[in-house]
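Student: Just passing along the structure, written as structure tokens.
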Amino acid sequence: MAAKRDYYEVLGVPKTVTPEELKKAYRKLAVQYHPDKNPGDKTAEDKFKEVGEAYDILNDADKRAAYDRYGHAAFQGGMPGAGGGGGFHDPFDIFREVFGGGGGGGGGIFEQFFGGGGGGGRRKSASGPQRGSDLRYPLELTLEEAAAGVEKDIEIERLAPCKTCTGSGSASGAGKKQCRTCGGVGQVISSRGFFQIQQTCPDCDGAGETVADPCKSCRGTGRQKERHRIRLKVPAGIEEGTQLRSTGNGDLGMKGGPAGDLYVLIHLRPHDVFERDSHDLHCDMPISFATAALGGELEVPTLVGKATVKIPGGTQNATTFRLRGKGMKVLGRDQFGDLYVHVQIAVPNKLTTEQREKLTEFAKALGENNSPLHESFFAKAKKFFS
């Protein structure tokens with residue numbers, strides 16, 4: 001499966017692109033690759049879907065911010081838009097939104113200019129309840145929090161029912177009435193010479209109805225922004241890039257539609273001591289030359305306290321010791337990874353006169369060829385010295 005191209009590259013725009021420039025670039029490419037202009041061309045159809053997906057993300061301020069920070073990873077892992085589900089809109093819907101008319105499904109690209117056929121092109125809008133947008137929230141955790149599991153209070157901003165009109169959109173509760181502009185059909189037609197242009201009604205947005213006395217707080221939409229606090233339970237063993245779904249905590253839908261979902265993207269802070277590798281942990285531990293040569297016990301940290309490692313005499317630098325079950329919890333299982341301790345022999349960089357004299361005596365007593373590593377090296381390199 002081919003890797004997704006950068007959305008800015010797909011639309012041919014820089015990362016500093018303005019909304020107006022973004023829309024202009026999308027218009028040009030959408031017309032160029034529209035299936036009605038390229039019948040039977042699978043490549044053009046794929047291009048049309050690709051530019052629609054890119055525009056859907058970059059045209060939404062929240063989605064664009066998430067993409068700029070995390071790239072395609074922000075919309076992967078089972079989230080809508082990563083292969084199915086509903087996060088990315090239908091490219092034909094995006095086309096209709098930008099061009100204000102036809103484009104896919106039941107009509108051709110030029111339907112808006114010539115009407116929909118039959119009685120002058122006037123048709124009843126199919127606009128009904130619309131599901132609210134999904135929201136995304138990046139959450140940073142420590143390694144300890146990811147290992148043990150944690151509950152986090154997060155605060156998001158979402159579209160919720162207007163408190164003034166309780167979500168009706170009407171100041172007095174009178175409800176809705178038929179749109180005077182389009183007569184309830186959701187479309188308006190205007191003449192330009194011998195052309196007829198059919199567009200979504202600008203007053204009712206294609207619904208065919210308008211609020212009798214719009215609420216001033218929400219301007220008749222029935223929705224307004226609110227700060228909402230959520231307690232999120234993060235399971236033990238969660239990994240970098242995992243996405244948690246909180247159902248119904250996205251934006252409220254339009255026209256009585258259900259709310260979207262909230263997706264929380266997990267990021268782990270780098271740890272000062274441990275490095276994670278799936279369920280296992282790794283750490284470097286310094287030991288003295290004396291301990292490495294004579295053997296002893298080494299106290300090492302773990303995520304839940306301390307553990308003791310027995311160091312045999314003659315331990316070499318970079319030797320690895322494995323502590324079973326001292327790593328990360330396996331998500332959803334009663335199992336744990338391991339902790340790998342890599343010992344590093346610490347060489348003192350400052351010696352007193354007495355220490356230097358004793359170390360010199362020790363080196364003479366030890367001789368040069370006492371180490372197995374030394375013997376192995378010179379056995380292999382003997383031909384270079386003969």
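Chain labels run A, B, ... following the order of the structure tokens; each chain numbers its residues from 1, and ligands are numbered from 1 in the order shown.
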Show me, as a ChimeraX atom specification, the residues that have an atom within 7 Å of Ser133 in chain A when counting only C-alpha atoms, minus same-chain residues fewer than 2 positions from it.

Tutor: /A:131,135,250-251,260

Student: Could those residues be written to a file, using all heavy atoms, as an mmCIF file, in the first residue's frame?

Tutor:
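Once written, result18.cif looks like this:
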```cif
data_model
loop_
_atom_site.group_PDB
_atom_site.id
_atom_site.type_symbol
_atom_site.label_atom_id
_atom_site.label_comp_id
_atom_site.auth_asym_id
_atom_site.auth_seq_id
_atom_site.Cartn_x
_atom_site.Cartn_y
_atom_site.Cartn_z
ATOM 1 N N ARG A 131 -24.502 14.519 11.189
ATOM 2 C CA ARG A 131 -23.649 14.141 12.325
ATOM 3 C C ARG A 131 -22.618 15.238 12.588
ATOM 4 O O ARG A 131 -22.086 15.836 11.659
ATOM 5 C CB ARG A 131 -22.953 12.821 12.015
ATOM 6 C CG ARG A 131 -22.080 12.277 13.142
ATOM 7 C CD ARG A 131 -21.469 10.934 12.722
ATOM 8 N NE ARG A 131 -20.636 10.359 13.775
ATOM 9 C CZ ARG A 131 -19.359 10.639 13.955
ATOM 10 N NH1 ARG A 131 -18.758 11.509 13.146
ATOM 11 N NH2 ARG A 131 -18.670 10.074 14.926
ATOM 12 N N LEU A 135 -13.661 15.445 17.012
ATOM 13 C CA LEU A 135 -12.619 16.307 17.548
ATOM 14 C C LEU A 135 -11.405 15.468 17.911
ATOM 15 O O LEU A 135 -11.525 14.275 18.201
ATOM 16 C CB LEU A 135 -13.124 17.055 18.789
ATOM 17 C CG LEU A 135 -14.341 17.964 18.595
ATOM 18 C CD1 LEU A 135 -14.730 18.602 19.919
ATOM 19 C CD2 LEU A 135 -14.051 19.037 17.554
ATOM 20 N N GLY A 250 -17.760 14.790 20.657
ATOM 21 C CA GLY A 250 -17.366 15.726 19.610
ATOM 22 C C GLY A 250 -18.381 16.850 19.491
ATOM 23 O O GLY A 250 -19.167 17.117 20.414
ATOM 24 N N ASP A 251 -18.396 17.515 18.342
ATOM 25 C CA ASP A 251 -19.355 18.604 18.115
ATOM 26 C C ASP A 251 -20.778 18.065 17.976
ATOM 27 O O ASP A 251 -20.994 16.987 17.409
ATOM 28 C CB ASP A 251 -18.991 19.368 16.835
ATOM 29 C CG ASP A 251 -17.828 20.317 17.031
ATOM 30 O OD1 ASP A 251 -17.541 20.667 18.186
ATOM 31 O OD2 ASP A 251 -17.214 20.712 16.021
ATOM 32 N N GLY A 260 -20.526 14.138 17.161
ATOM 33 C CA GLY A 260 -19.367 13.371 16.716
ATOM 34 C C GLY A 260 -18.641 12.786 17.919
ATOM 35 O O GLY A 260 -19.114 12.847 19.047
#
```

Student: Which range 133-171 of chain A residues have any atom within 12 Å of an atom of range 328-332 of chain A, and for each, what is the nearest pair of atoms with distance in Å to one decimal, counting only C-alpha atoms, rows sorted by chain and number, as CSV?

Tutor:
```
residue,atom,partner,partner_atom,distance
A:Leu143,CA,A:Met328,CA,9.1
A:Glu144,CA,A:Met328,CA,9.2
A:Glu145,CA,A:Met328,CA,10.7
A:Ala146,CA,A:Met328,CA,8.4
A:Ala147,CA,A:Met328,CA,5.5
A:Ala148,CA,A:Lys329,CA,7.6
A:Gly149,CA,A:Lys329,CA,9.4
```

Student: List every residue of range 143-194 of chain A that DSSP, applied to the backbone of this structure, assigns to alpha helix (DSSP H), and report them as an mmCIF file with N, CA, C and O atoms, in the first residue's frame.

Tutor:
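So the final result, stored in result_26.cif, reads:
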```
data_model
loop_
_atom_site.group_PDB
_atom_site.id
_atom_site.type_symbol
_atom_site.label_atom_id
_atom_site.label_comp_id
_atom_site.auth_asym_id
_atom_site.auth_seq_id
_atom_site.Cartn_x
_atom_site.Cartn_y
_atom_site.Cartn_z
ATOM 1 N N LEU A 143 6.160 7.991 31.133
ATOM 2 C CA LEU A 143 6.292 6.545 30.962
ATOM 3 C C LEU A 143 5.651 5.816 32.144
ATOM 4 O O LEU A 143 5.030 4.763 31.972
ATOM 5 N N GLU A 144 5.795 6.402 33.343
ATOM 6 C CA GLU A 144 5.196 5.792 34.525
ATOM 7 C C GLU A 144 3.670 5.753 34.413
ATOM 8 O O GLU A 144 3.032 4.761 34.789
ATOM 9 N N GLU A 145 3.070 6.829 33.897
ATOM 10 C CA GLU A 145 1.612 6.868 33.725
ATOM 11 C C GLU A 145 1.155 5.835 32.705
ATOM 12 O O GLU A 145 0.131 5.162 32.882
ATOM 13 N N ALA A 146 1.923 5.708 31.615
ATOM 14 C CA ALA A 146 1.571 4.733 30.579
ATOM 15 C C ALA A 146 1.706 3.305 31.108
ATOM 16 O O ALA A 146 0.945 2.415 30.723
ATOM 17 N N ALA A 147 2.668 3.080 31.990
ATOM 18 C CA ALA A 147 2.902 1.738 32.513
ATOM 19 C C ALA A 147 1.803 1.301 33.483
ATOM 20 O O ALA A 147 1.340 0.162 33.443
ATOM 21 N N ALA A 148 1.394 2.211 34.347
ATOM 22 C CA ALA A 148 0.435 1.855 35.398
ATOM 23 C C ALA A 148 -1.016 2.110 35.013
ATOM 24 O O ALA A 148 -1.936 1.558 35.616
#
```

Student: Can you work out the spacing between CA of Val17 in chain A and CA of Thr221 in chain A in Å, to one decimal?

Tutor: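 Answer for the CA of Val17 in chain A to CA of Thr221 in chain A separation: 29.2 Å.
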
Student: Leaving out His271 in chain A and any residue of its chain fewer than 3 positions from it, which residues lie within 10 Å of it when counting only C-alpha atoms, given as a PyMOL selection string?

Tutor: chain A and resi 142-144+268+274-276

Student: What is the distance between CA of Ala318 in chain A and CA of Ile238 in chain A, in Å to one decimal?

Tutor: 29.5 Å

Student: Please determine, counting only C-alpha atoms, which residue among A:Gly132, A:Gly314, A:Gly169, A:Pro14 has the shortest atom-to-atom distance to Lys216 in chain A.

Tutor: A:Gly169

Student: From a DSSP pass on the backbone, collect the residues of range 95-334 of chain A flagged as strand (DSSP E) and hand them back as a PyMOL selection string.

Tutor: chain A and resi 135-141+150-161+176-178+187-192+195-200+209-211+223-234+243-246+262-268+275-277+280-288+296-302+305-311+320-323

Student: One decimal, in Å: what's the spacing between CA of Tyr7 in chain A and CA of Ala54 in chain A?

Tutor: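 That distance, rounded to one decimal, is 4.9 Å.
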
Student: So which one's closest to Glu239 in chain A, A:Arg223, A:Lys49, A:Lys310, A:His279? Using only C-alpha atoms, please.

Tutor: A:His279
